[in-house]
file model27.txt (compact mmCIF, C-alpha atoms and all ligand atoms)
# COMPACT_ATOMS: atom_id res chain seq x y z
CA MET A 1 17.22 1.49 -14.69
CA VAL A 2 15.39 3.51 -12.04
CA LEU A 3 17.01 5.37 -9.19
CA GLY A 4 15.38 4.89 -5.81
CA ASN A 5 14.91 7.96 -3.66
CA ILE A 6 15.70 6.41 -0.30
CA HIS A 7 15.07 8.08 3.04
CA SER A 8 17.22 5.69 5.09
CA TYR A 9 18.21 2.11 5.84
CA GLU A 10 17.99 -0.06 8.93
CA SER A 11 20.30 -3.04 8.72
CA MET A 12 18.99 -5.32 11.49
CA GLY A 13 15.29 -4.56 11.82
CA THR A 14 13.13 -6.85 13.95
CA VAL A 15 9.68 -5.22 13.85
CA ASP A 16 8.83 -5.02 10.15
CA GLY A 17 8.16 -8.63 9.21
CA PRO A 18 9.53 -12.02 10.30
CA GLY A 19 13.10 -12.61 11.51
CA ILE A 20 15.95 -10.16 11.08
CA ARG A 21 15.42 -7.77 8.21
CA PHE A 22 17.23 -5.20 6.14
CA VAL A 23 14.70 -2.36 6.03
CA VAL A 24 14.62 0.18 3.20
CA PHE A 25 12.65 3.36 3.92
CA LEU A 26 11.60 5.05 0.69
CA GLN A 27 10.85 8.72 0.27
CA GLY A 28 7.36 9.93 -0.72
CA CYS A 29 3.84 9.45 0.60
CA PRO A 30 0.45 10.67 -0.67
CA LEU A 31 -1.19 10.14 2.72
CA ARG A 32 -1.03 12.64 5.58
CA CYS A 33 -1.79 10.48 8.59
CA LYS A 34 -2.31 12.63 11.65
CA PHE A 35 -0.27 10.19 13.74
CA CYS A 36 2.58 9.77 11.21
CA HIS A 37 5.99 9.29 12.82
CA ASN A 38 7.85 9.83 9.59
CA PRO A 39 6.70 13.20 8.20
CA ASP A 40 10.24 13.63 6.87
CA THR A 41 9.44 10.92 4.28
CA TRP A 42 6.40 12.70 2.84
CA ASN A 43 8.01 14.80 0.12
CA ILE A 44 9.04 12.69 -2.88
CA ASN A 45 10.87 15.67 -4.36
CA GLU A 46 13.18 15.95 -1.41
CA LYS A 47 16.29 14.12 -2.54
CA LYS A 48 17.83 11.95 0.16
CA ILE A 49 19.89 8.93 -0.88
CA GLU A 50 19.60 8.17 -4.60
CA GLU A 51 20.61 4.62 -5.45
CA LYS A 52 20.28 1.94 -8.10
CA ALA A 53 18.50 -1.27 -7.11
CA GLU A 54 21.75 -3.21 -7.82
CA ASP A 55 23.60 -1.09 -5.26
CA VAL A 56 20.89 -1.52 -2.65
CA LEU A 57 21.04 -5.27 -3.27
CA LYS A 58 24.78 -5.24 -2.57
CA LYS A 59 24.08 -3.63 0.82
CA ILE A 60 21.33 -6.17 1.57
CA LYS A 61 23.58 -9.11 0.70
CA ARG A 62 26.11 -8.08 3.34
CA TYR A 63 23.51 -9.08 5.94
CA LYS A 64 22.31 -12.27 4.26
CA ASN A 65 23.97 -14.47 6.90
CA PHE A 66 21.80 -12.87 9.60
CA PHE A 67 18.52 -13.49 7.80
CA GLY A 68 18.29 -17.21 8.62
CA LYS A 69 15.15 -18.99 7.40
CA LYS A 70 12.68 -16.22 8.14
CA GLY A 71 14.43 -12.88 7.61
CA GLY A 72 15.07 -10.84 4.49
CA VAL A 73 14.30 -7.40 3.14
CA THR A 74 11.40 -5.08 3.97
CA ILE A 75 10.51 -2.05 1.91
CA THR A 76 8.59 0.63 3.74
CA GLY A 77 8.30 4.40 3.71
CA GLY A 78 6.60 6.76 3.32
CA GLU A 79 4.42 4.81 0.98
CA PRO A 80 6.85 2.59 -0.96
CA LEU A 81 4.50 2.11 -3.91
CA VAL A 82 4.98 5.77 -4.85
CA GLN A 83 8.22 4.32 -6.29
CA SER A 84 6.77 1.05 -7.56
CA ASP A 85 9.20 0.83 -10.52
CA PHE A 86 12.11 0.87 -8.11
CA VAL A 87 10.46 -1.62 -5.71
CA LEU A 88 9.83 -3.92 -8.66
CA GLU A 89 13.49 -3.82 -9.73
CA LEU A 90 14.78 -4.39 -6.23
CA PHE A 91 12.37 -7.21 -5.41
CA LYS A 92 13.16 -8.96 -8.71
CA LEU A 93 16.85 -8.88 -7.81
CA CYS A 94 16.14 -10.09 -4.27
CA LYS A 95 14.08 -13.03 -5.50
CA LYS A 96 16.91 -14.05 -7.86
CA GLU A 97 19.13 -14.23 -4.75
CA GLY A 98 16.51 -16.19 -2.78
CA ILE A 99 15.91 -13.30 -0.35
CA HIS A 100 12.52 -13.08 1.36
CA THR A 101 10.66 -9.87 0.43
CA VAL A 102 8.18 -7.89 2.52
CA LEU A 103 6.22 -4.86 1.36
CA ASP A 104 4.89 -2.53 4.07
CA THR A 105 2.11 -0.43 2.53
CA SER A 106 -1.08 1.52 3.18
CA GLY A 107 -2.59 -0.08 0.06
CA TYR A 108 -3.51 3.35 -1.25
CA ILE A 109 -1.70 2.95 -4.58
CA PHE A 110 -3.18 0.08 -6.50
CA ASN A 111 -2.64 -0.42 -10.25
CA GLU A 112 -1.20 -2.87 -12.78
CA LYS A 113 2.40 -2.04 -11.81
CA VAL A 114 1.61 -2.77 -8.18
CA LYS A 115 0.16 -6.14 -9.20
CA GLU A 116 3.51 -6.88 -10.87
CA VAL A 117 5.37 -5.87 -7.68
CA LEU A 118 3.18 -8.32 -5.77
CA ASN A 119 4.43 -11.17 -8.00
CA TYR A 120 7.84 -10.68 -6.36
CA THR A 121 6.52 -10.02 -2.83
CA ASP A 122 6.45 -12.85 -0.29
CA LEU A 123 4.50 -11.05 2.41
CA VAL A 124 2.51 -7.82 2.58
CA LEU A 125 2.23 -5.77 5.76
CA LEU A 126 -1.02 -3.94 5.08
CA ASP A 127 -1.66 -0.93 7.30
CA ILE A 128 -5.39 -0.34 7.57
CA LYS A 129 -5.59 3.00 9.34
CA ALA A 130 -9.35 2.90 9.96
CA ILE A 131 -12.27 0.84 8.68
CA ASP A 132 -14.83 3.62 8.64
CA GLU A 133 -14.63 5.81 5.49
CA LYS A 134 -15.17 9.09 7.26
CA THR A 135 -12.63 8.37 9.98
CA TYR A 136 -10.14 7.14 7.38
CA LYS A 137 -10.46 10.33 5.36
CA ASP A 138 -10.23 12.51 8.44
CA LEU A 139 -7.15 10.64 9.66
CA THR A 140 -5.22 10.26 6.40
CA LYS A 141 -6.66 12.91 4.02
CA VAL A 142 -7.31 10.19 1.40
CA GLU A 143 -10.10 7.70 0.70
CA LEU A 144 -10.29 4.19 2.16
CA GLU A 145 -11.58 2.64 -1.10
CA ASN A 146 -8.21 1.73 -2.66
CA THR A 147 -6.97 0.01 0.48
CA ILE A 148 -10.04 -2.22 0.50
CA LYS A 149 -9.59 -3.00 -3.21
CA PHE A 150 -5.95 -3.79 -2.49
CA ALA A 151 -6.90 -6.08 0.43
CA GLU A 152 -9.49 -7.88 -1.72
CA TYR A 153 -6.94 -8.37 -4.50
CA LEU A 154 -4.43 -9.82 -2.03
CA LYS A 155 -7.13 -12.22 -0.88
CA SER A 156 -7.93 -13.23 -4.47
CA ILE A 157 -4.28 -14.10 -5.20
CA LYS A 158 -3.85 -15.76 -1.76
CA LYS A 159 -0.94 -13.50 -0.87
CA PRO A 160 0.17 -13.87 2.76
CA VAL A 161 -0.69 -10.70 4.69
CA TRP A 162 -0.12 -9.26 8.12
CA ILE A 163 -2.63 -6.55 8.92
CA ARG A 164 -1.40 -3.64 11.04
CA HIS A 165 -3.73 -1.28 12.81
CA VAL A 166 -2.70 1.65 14.98
CA VAL A 167 -5.26 2.27 17.72
CA ILE A 168 -5.52 5.95 18.62
CA PRO A 169 -7.38 7.07 21.76
CA GLY A 170 -10.43 9.15 20.86
CA ILE A 171 -10.15 8.35 17.12
CA THR A 172 -9.91 4.63 16.34
CA ASP A 173 -10.11 3.40 19.94
CA ASN A 174 -13.82 2.80 19.75
CA ASP A 175 -15.37 -0.63 20.39
CA GLU A 176 -17.85 -0.35 17.55
CA MET A 177 -15.15 0.58 15.04
CA LEU A 178 -12.74 -2.04 16.34
CA LYS A 179 -15.38 -4.75 16.01
CA LYS A 180 -16.08 -3.59 12.45
CA MET A 181 -12.34 -3.84 11.74
CA ALA A 182 -12.11 -7.34 13.27
CA GLU A 183 -15.20 -8.45 11.32
CA TYR A 184 -13.71 -7.21 8.07
CA ILE A 185 -10.32 -8.82 8.67
CA SER A 186 -12.03 -12.13 9.47
CA THR A 187 -13.35 -12.19 5.88
CA LEU A 188 -9.73 -12.29 4.59
CA ASP A 189 -8.54 -15.90 4.70
CA ASN A 190 -4.99 -14.95 3.64
CA VAL A 191 -4.25 -13.01 6.84
CA GLU A 192 -1.48 -14.69 8.84
CA MET A 193 -1.20 -12.11 11.60
CA VAL A 194 -2.97 -9.04 12.96
CA GLU A 195 -0.79 -6.53 14.75
CA ILE A 196 -2.53 -4.14 17.12
CA LEU A 197 -0.17 -1.19 17.40
CA PRO A 198 -0.79 1.17 20.29
CA TYR A 199 -0.62 4.86 19.37
CA HIS A 200 2.41 6.59 20.89
CA THR A 201 3.97 10.02 20.67
CA LEU A 202 7.61 9.07 20.06
CA GLY A 203 7.78 10.70 16.61
CA VAL A 204 6.44 14.10 17.67
CA PHE A 205 9.89 15.71 17.81
CA LYS A 206 10.19 15.36 14.02
CA TYR A 207 7.27 17.76 13.55
CA LYS A 208 9.09 20.38 15.60
CA GLU A 209 12.23 19.86 13.52
CA LEU A 210 10.23 20.32 10.32
CA GLY A 211 8.37 23.34 11.69
CA LEU A 212 5.03 21.50 11.42
CA LYS A 213 2.21 21.52 13.93
CA TYR A 214 1.57 18.05 15.37
CA PRO A 215 -2.15 17.37 14.72
CA LEU A 216 -2.72 15.06 17.71
CA GLU A 217 -1.05 17.20 20.35
CA LYS A 218 -3.55 16.43 23.11
CA VAL A 219 -3.86 12.70 22.45
CA GLU A 220 -2.17 10.43 24.96
CA ASP A 221 -0.49 7.08 24.30
CA LEU A 222 -2.74 4.00 24.25
CA SER A 223 -2.23 2.04 27.47
CA TYR A 224 -0.88 -1.48 27.55
CA GLU A 225 -4.04 -2.66 29.38
CA ARG A 226 -6.26 -1.29 26.61
CA LYS A 227 -4.10 -2.93 23.96
CA VAL A 228 -4.56 -6.29 25.69
CA GLU A 229 -8.33 -5.72 25.88
CA ILE A 230 -8.45 -4.98 22.15
CA MET A 231 -6.38 -8.06 21.38
CA GLU A 232 -8.86 -10.17 23.33
CA MET A 233 -11.69 -8.57 21.36
CA PHE A 234 -9.97 -9.52 18.06
CA LYS A 235 -9.31 -13.07 19.26
CA LYS A 236 -13.07 -13.58 19.57
CA TYR A 237 -13.13 -13.32 15.77
CA ASN A 238 -10.56 -16.14 15.57
CA LEU A 239 -7.91 -13.75 14.32
CA PRO A 240 -4.19 -14.47 14.75
CA VAL A 241 -3.58 -11.41 16.91
CA HIS A 242 -0.14 -10.30 17.94
S1 LIG B 1 1.14 6.17 5.21
FE1 LIG B 1 2.81 6.00 6.67
S2 LIG B 1 4.35 7.49 6.00
FE2 LIG B 1 2.44 8.00 4.96
S3 LIG B 1 1.51 9.56 6.24
FE3 LIG B 1 0.66 7.59 6.86
S4 LIG B 1 1.95 6.86 8.54
FE4 LIG B 1 3.06 8.51 7.46
call {"tool": "encode", "arguments": {"input": "model27.txt", "output": "structure tokens", "more": "lines below"}}
Ligand code: SF4
result
Amino acid sequence: MVLGNIHSYESMGTVDGPGIRFVVFLQGCPLRCKFCHNPDTWNINEKKIEEKAEDVLKKIKRYKNFFGKKGGVTITGGEPLVQSDFVLELFKLCKKEGIHTVLDTSGYIFNEKVKEVLNYTDLVLLDIKAIDEKTYKDLTKVELENTIKFAEYLKSIKKPVWIRHVVIPGITDNDEMLKKMAEYISTLDNVEMVEILPYHTLGVFKYKELGLKYPLEKVEDLSYERKVEIMEMFKKYNLPVH
């Protein structure tokens, strides 16, 4: 039995996977994305809510009637695979109850345990922060390599995937880089949706609360018009853009 170190719950989420979802935010993340809206999840040693998978399942089941055909549970973070033993336990229990499971991940942690987690995962939301190695490292402080290995593994096992990409003015909002991203995604035949997420500054207040300096202070939100332009660009690669 493993205790999950849980940052928080959202009982009726509508943006992290299909339908209405019970969203579990786990504590801990090895990445340090400059645009992160959840810096309060970074520290795995910071104890928030400690719970057994069975107890989390009880909470999830209270909302089962709202899930309908599409909804279910989404595990996100932080980087949820920091606690892959806990995710495995919870997803196993969910699958026994016929609950749809979504894993929202950066793909940075990729090992045999993660492969086991994927056996109980119905859909992966894979956040590819940048497609260029240098930009990825500069943006996240870690290497891109694992995420690509993860994506290729998902393709090899035909796991349904939604790709998420945050477009940041001056960093990833660059036609050449975006085309490279679209080209790469078009090689993955298991991708069911591509979500272009415009960079915004809504999480900045958390940095102040934590006494941290926000690294992208001068960067403005991505405009709606630019988002639409980028979506059109991705559609030219026959991608299911959202
Ligand atoms: S992977 Fe997610 S939680 Fe971790 S630093 Fe990046 S945006 Fe934040």
call {"tool": "residues_near_ligand", "arguments": {"input": "model27.txt", "ligand": "ligand LIG 1 (chain B)", "cutoff": "7 Å", "atoms": "only C-alpha atoms and all ligand atoms", "output": "number ranges by chain"}}
result
A: 29-33, 35-39, 41-42, 77-79, 106, 140
call {"tool": "residues_near_point", "arguments": {"input": "model27.txt", "point": "(13.3, 7.2, -8.3)", "cutoff": "8 Å", "atoms": "only C-alpha atoms", "output": "ChimeraX atom specification"}}
result
/A:2-5,50,83,85-86
call {"tool": "atom_distance", "arguments": {"input": "model27.txt", "atom1": "atom CA of Tyr214 of chain A", "atom2": "atom CA of His200 of chain A"}}
result
12.7 Å
call {"tool": "residues_near_point", "arguments": {"input": "model27.txt", "point": "(21.3, -5.1, 1.6)", "cutoff": "9 Å", "atoms": "only C-alpha atoms", "output": "PyMOL selection string"}}
result
chain A and resi 9+11+22-24+55-64+72-73
call {"tool": "closest_residue", "arguments": {"input": "model27.txt", "among": "A:Leu216, A:Leu26, A:Ile109, A:Met181", "to": "Glu133 of chain A", "atoms": "all atoms listed in the file"}}
result
A:Met181
call {"tool": "atom_distance", "arguments": {"input": "model27.txt", "atom1": "atom CA of Glu229 of chain A", "atom2": "atom CA of Glu176 of chain A"}}
result
13.7 Å
call {"tool": "residues_around", "arguments": {"input": "model27.txt", "residues": "Lys155 of chain A", "least_positions_apart": "2", "cutoff": "10 Å", "atoms": "all atoms listed in the file", "output": "PyMOL selection string"}}
result
chain A and resi 149-153+157-161+187-191
call {"tool": "closest_residue", "arguments": {"input": "model27.txt", "among": "A:Ile75, A:Ile20, A:Met231, A:Leu81", "to": "Ser8 of chain A", "atoms": "only C-alpha atoms"}}
result
A:Ile75
call {"tool": "atom_distance", "arguments": {"input": "model27.txt", "atom1": "atom CA of Glu195 of chain A", "atom2": "atom CA of His242 of chain A"}}
result
5.0 Å
call {"tool": "closest_residue", "arguments": {"input": "model27.txt", "among": "A:His7, A:Val15, A:Gly107, A:Gly28", "to": "Lys48 of chain A", "atoms": "all atoms listed in the file"}}
result
A:His7
call {"tool": "closest_residue", "arguments": {"input": "model27.txt", "among": "A:Trp162, A:Phe91, A:Phe25, A:Phe110", "to": "Leu123 of chain A", "atoms": "all atoms listed in the file"}}
result
A:Trp162
call {"tool": "residues_around", "arguments": {"input": "model27.txt", "residues": "Lys227 of chain A", "least_positions_apart": "3", "cutoff": "8 Å", "atoms": "all atoms listed in the file", "output": "list in words"}}
result
Ile196, Leu197, Pro198, Leu222, Ser223, Tyr224, Ile230 and Met231 of chain A
call {"tool": "closest_residue", "arguments": {"input": "model27.txt", "among": "A:Leu125, A:Ile6, A:Leu93, A:Ile171", "to": "Thr105 of chain A", "atoms": "all atoms listed in the file"}}
result
A:Leu125
call {"tool": "closest_residue", "arguments": {"input": "model27.txt", "among": "A:Glu232, A:Asp173, A:Asp127, A:Asp122", "to": "Gly71 of chain A", "atoms": "only C-alpha atoms"}}
result
A:Asp122
call {"tool": "residues_around", "arguments": {"input": "model27.txt", "residues": "Glu143 of chain A", "least_positions_apart": "4", "cutoff": "9 Å", "atoms": "all atoms listed in the file", "output": "PDB file with C-alpha atoms, in the frame of the given file"}}
result
ATOM      1  CA  TYR A 108      -3.510   3.350  -1.250  1.00  0.00           C
ATOM      2  CA  GLU A 133     -14.630   5.810   5.490  1.00  0.00           C
ATOM      3  CA  LYS A 134     -15.170   9.090   7.260  1.00  0.00           C
ATOM      4  CA  TYR A 136     -10.140   7.140   7.380  1.00  0.00           C
ATOM      5  CA  LYS A 137     -10.460  10.330   5.360  1.00  0.00           C
ATOM      6  CA  THR A 147      -6.970   0.010   0.480  1.00  0.00           C
TER       7      THR A 147
END
call {"tool": "decode", "arguments": {"input": "model27.txt", "residues": "segment 17-118 of chain A", "atoms": "C-alpha atoms", "output": "PDB file, in the first residue's frame"}}
result
ATOM      1  CA  GLY A  17      -9.726  14.971 -20.899  1.00  0.00           C
ATOM      2  CA  PRO A  18     -13.147  14.018 -22.285  1.00  0.00           C
ATOM      3  CA  GLY A  19     -16.446  14.603 -20.450  1.00  0.00           C
ATOM      4  CA  ILE A  20     -16.749  15.468 -16.785  1.00  0.00           C
ATOM      5  CA  ARG A  21     -13.767  14.352 -14.756  1.00  0.00           C
ATOM      6  CA  PHE A  22     -12.608  13.936 -11.208  1.00  0.00           C
ATOM      7  CA  VAL A  23      -9.118  15.449 -11.335  1.00  0.00           C
ATOM      8  CA  VAL A  24      -6.374  14.438  -8.903  1.00  0.00           C
ATOM      9  CA  PHE A  25      -3.407  16.822  -8.711  1.00  0.00           C
ATOM     10  CA  LEU A  26      -0.337  15.051  -7.355  1.00  0.00           C
ATOM     11  CA  GLN A  27       2.554  16.696  -5.590  1.00  0.00           C
ATOM     12  CA  GLY A  28       6.075  16.630  -7.074  1.00  0.00           C
ATOM     13  CA  CYS A  29       7.659  17.593 -10.383  1.00  0.00           C
ATOM     14  CA  PRO A  30      11.234  17.302 -11.688  1.00  0.00           C
ATOM     15  CA  LEU A  31      10.640  19.924 -14.376  1.00  0.00           C
ATOM     16  CA  ARG A  32      10.858  23.670 -13.780  1.00  0.00           C
ATOM     17  CA  CYS A  33       8.844  25.066 -16.655  1.00  0.00           C
ATOM     18  CA  LYS A  34       9.230  28.818 -16.839  1.00  0.00           C
ATOM     19  CA  PHE A  35       5.509  29.196 -17.512  1.00  0.00           C
ATOM     20  CA  CYS A  36       4.343  26.748 -14.813  1.00  0.00           C
ATOM     21  CA  HIS A  37       1.061  27.733 -13.173  1.00  0.00           C
ATOM     22  CA  ASN A  38       1.438  25.242 -10.367  1.00  0.00           C
ATOM     23  CA  PRO A  39       4.824  25.919  -8.733  1.00  0.00           C
ATOM     24  CA  ASP A  40       3.204  24.920  -5.437  1.00  0.00           C
ATOM     25  CA  THR A  41       3.188  21.309  -6.715  1.00  0.00           C
ATOM     26  CA  TRP A  42       6.941  21.149  -7.379  1.00  0.00           C
ATOM     27  CA  ASN A  43       8.221  19.940  -4.019  1.00  0.00           C
ATOM     28  CA  ILE A  44       7.479  16.240  -3.472  1.00  0.00           C
ATOM     29  CA  ASN A  45       8.625  16.537   0.140  1.00  0.00           C
ATOM     30  CA  GLU A  46       5.998  19.098   0.953  1.00  0.00           C
ATOM     31  CA  LYS A  47       3.237  17.057   2.538  1.00  0.00           C
ATOM     32  CA  LYS A  48      -0.231  18.110   1.439  1.00  0.00           C
ATOM     33  CA  ILE A  49      -3.034  15.543   1.521  1.00  0.00           C
ATOM     34  CA  GLU A  50      -1.766  12.004   2.157  1.00  0.00           C
ATOM     35  CA  GLU A  51      -4.234   9.350   1.093  1.00  0.00           C
ATOM     36  CA  LYS A  52      -4.537   5.693   0.200  1.00  0.00           C
ATOM     37  CA  ALA A  53      -5.654   4.849  -3.336  1.00  0.00           C
ATOM     38  CA  GLU A  54      -8.757   3.102  -1.869  1.00  0.00           C
ATOM     39  CA  ASP A  55      -9.802   6.334  -0.159  1.00  0.00           C
ATOM     40  CA  VAL A  56      -9.279   8.392  -3.295  1.00  0.00           C
ATOM     41  CA  LEU A  57     -11.383   5.847  -5.195  1.00  0.00           C
ATOM     42  CA  LYS A  58     -14.212   6.327  -2.685  1.00  0.00           C
ATOM     43  CA  LYS A  59     -14.156  10.077  -3.433  1.00  0.00           C
ATOM     44  CA  ILE A  60     -14.120   9.431  -7.194  1.00  0.00           C
ATOM     45  CA  LYS A  61     -17.062   7.036  -6.983  1.00  0.00           C
ATOM     46  CA  ARG A  62     -19.265   9.738  -5.457  1.00  0.00           C
ATOM     47  CA  TYR A  63     -19.155  11.469  -8.855  1.00  0.00           C
ATOM     48  CA  LYS A  64     -19.562   8.377 -11.014  1.00  0.00           C
ATOM     49  CA  ASN A  65     -23.108   9.366 -12.029  1.00  0.00           C
ATOM     50  CA  PHE A  66     -21.777  12.568 -13.611  1.00  0.00           C
ATOM     51  CA  PHE A  67     -19.162  10.828 -15.733  1.00  0.00           C
ATOM     52  CA  GLY A  68     -21.578   9.523 -18.387  1.00  0.00           C
ATOM     53  CA  LYS A  69     -19.998   7.635 -21.291  1.00  0.00           C
ATOM     54  CA  LYS A  70     -16.943   9.839 -21.717  1.00  0.00           C
ATOM     55  CA  GLY A  71     -15.919  11.131 -18.287  1.00  0.00           C
ATOM     56  CA  GLY A  72     -13.845   9.582 -15.528  1.00  0.00           C
ATOM     57  CA  VAL A  73     -10.691  10.318 -13.586  1.00  0.00           C
ATOM     58  CA  THR A  74      -7.654  12.363 -14.620  1.00  0.00           C
ATOM     59  CA  ILE A  75      -4.369  12.294 -12.763  1.00  0.00           C
ATOM     60  CA  THR A  76      -2.189  15.335 -13.216  1.00  0.00           C
ATOM     61  CA  GLY A  77       0.288  17.353 -11.195  1.00  0.00           C
ATOM     62  CA  GLY A  78       3.027  18.355 -10.906  1.00  0.00           C
ATOM     63  CA  GLU A  79       4.311  15.398 -12.832  1.00  0.00           C
ATOM     64  CA  PRO A  80       2.107  12.490 -11.686  1.00  0.00           C
ATOM     65  CA  LEU A  81       4.644   9.824 -12.658  1.00  0.00           C
ATOM     66  CA  VAL A  82       6.902  10.985  -9.819  1.00  0.00           C
ATOM     67  CA  GLN A  83       4.405   8.888  -7.817  1.00  0.00           C
ATOM     68  CA  SER A  84       3.958   6.106 -10.356  1.00  0.00           C
ATOM     69  CA  ASP A  85       3.375   3.417  -7.683  1.00  0.00           C
ATOM     70  CA  PHE A  86       0.415   5.374  -6.386  1.00  0.00           C
ATOM     71  CA  VAL A  87      -0.938   6.107  -9.886  1.00  0.00           C
ATOM     72  CA  LEU A  88      -0.681   2.400 -10.677  1.00  0.00           C
ATOM     73  CA  GLU A  89      -2.680   1.438  -7.580  1.00  0.00           C
ATOM     74  CA  LEU A  90      -5.350   4.033  -8.192  1.00  0.00           C
ATOM     75  CA  PHE A  91      -5.732   3.282 -11.903  1.00  0.00           C
ATOM     76  CA  LYS A  92      -5.966  -0.463 -11.208  1.00  0.00           C
ATOM     77  CA  LEU A  93      -8.818   0.223  -8.784  1.00  0.00           C
ATOM     78  CA  CYS A  94     -10.515   2.573 -11.257  1.00  0.00           C
ATOM     79  CA  LYS A  95     -10.368   0.025 -14.061  1.00  0.00           C
ATOM     80  CA  LYS A  96     -11.952  -2.605 -11.778  1.00  0.00           C
ATOM     81  CA  GLU A  97     -14.853  -0.163 -11.353  1.00  0.00           C
ATOM     82  CA  GLY A  98     -15.053   0.532 -15.102  1.00  0.00           C
ATOM     83  CA  ILE A  99     -13.902   4.150 -14.673  1.00  0.00           C
ATOM     84  CA  HIS A 100     -12.153   5.820 -17.614  1.00  0.00           C
ATOM     85  CA  THR A 101      -8.562   6.828 -16.753  1.00  0.00           C
ATOM     86  CA  VAL A 102      -6.539   9.734 -18.116  1.00  0.00           C
ATOM     87  CA  LEU A 103      -2.896  10.458 -17.348  1.00  0.00           C
ATOM     88  CA  ASP A 104      -1.698  14.034 -17.888  1.00  0.00           C
ATOM     89  CA  THR A 105       2.099  13.966 -18.140  1.00  0.00           C
ATOM     90  CA  SER A 106       5.185  15.661 -19.539  1.00  0.00           C
ATOM     91  CA  GLY A 107       6.547  12.228 -20.497  1.00  0.00           C
ATOM     92  CA  TYR A 108       9.784  13.000 -18.686  1.00  0.00           C
ATOM     93  CA  ILE A 109       9.668   9.919 -16.443  1.00  0.00           C
ATOM     94  CA  PHE A 110       9.748   6.808 -18.548  1.00  0.00           C
ATOM     95  CA  ASN A 111      10.621   3.367 -17.140  1.00  0.00           C
ATOM     96  CA  GLU A 112       9.201  -0.136 -16.657  1.00  0.00           C
ATOM     97  CA  LYS A 113       6.835   1.010 -13.878  1.00  0.00           C
ATOM     98  CA  VAL A 114       5.446   3.701 -16.152  1.00  0.00           C
ATOM     99  CA  LYS A 115       4.827   1.074 -18.838  1.00  0.00           C
ATOM    100  CA  GLU A 116       2.781  -0.838 -16.255  1.00  0.00           C
ATOM    101  CA  VAL A 117       0.796   2.328 -15.413  1.00  0.00           C
ATOM    102  CA  LEU A 118       0.035   2.684 -19.122  1.00  0.00           C
TER     103      LEU A 118
END
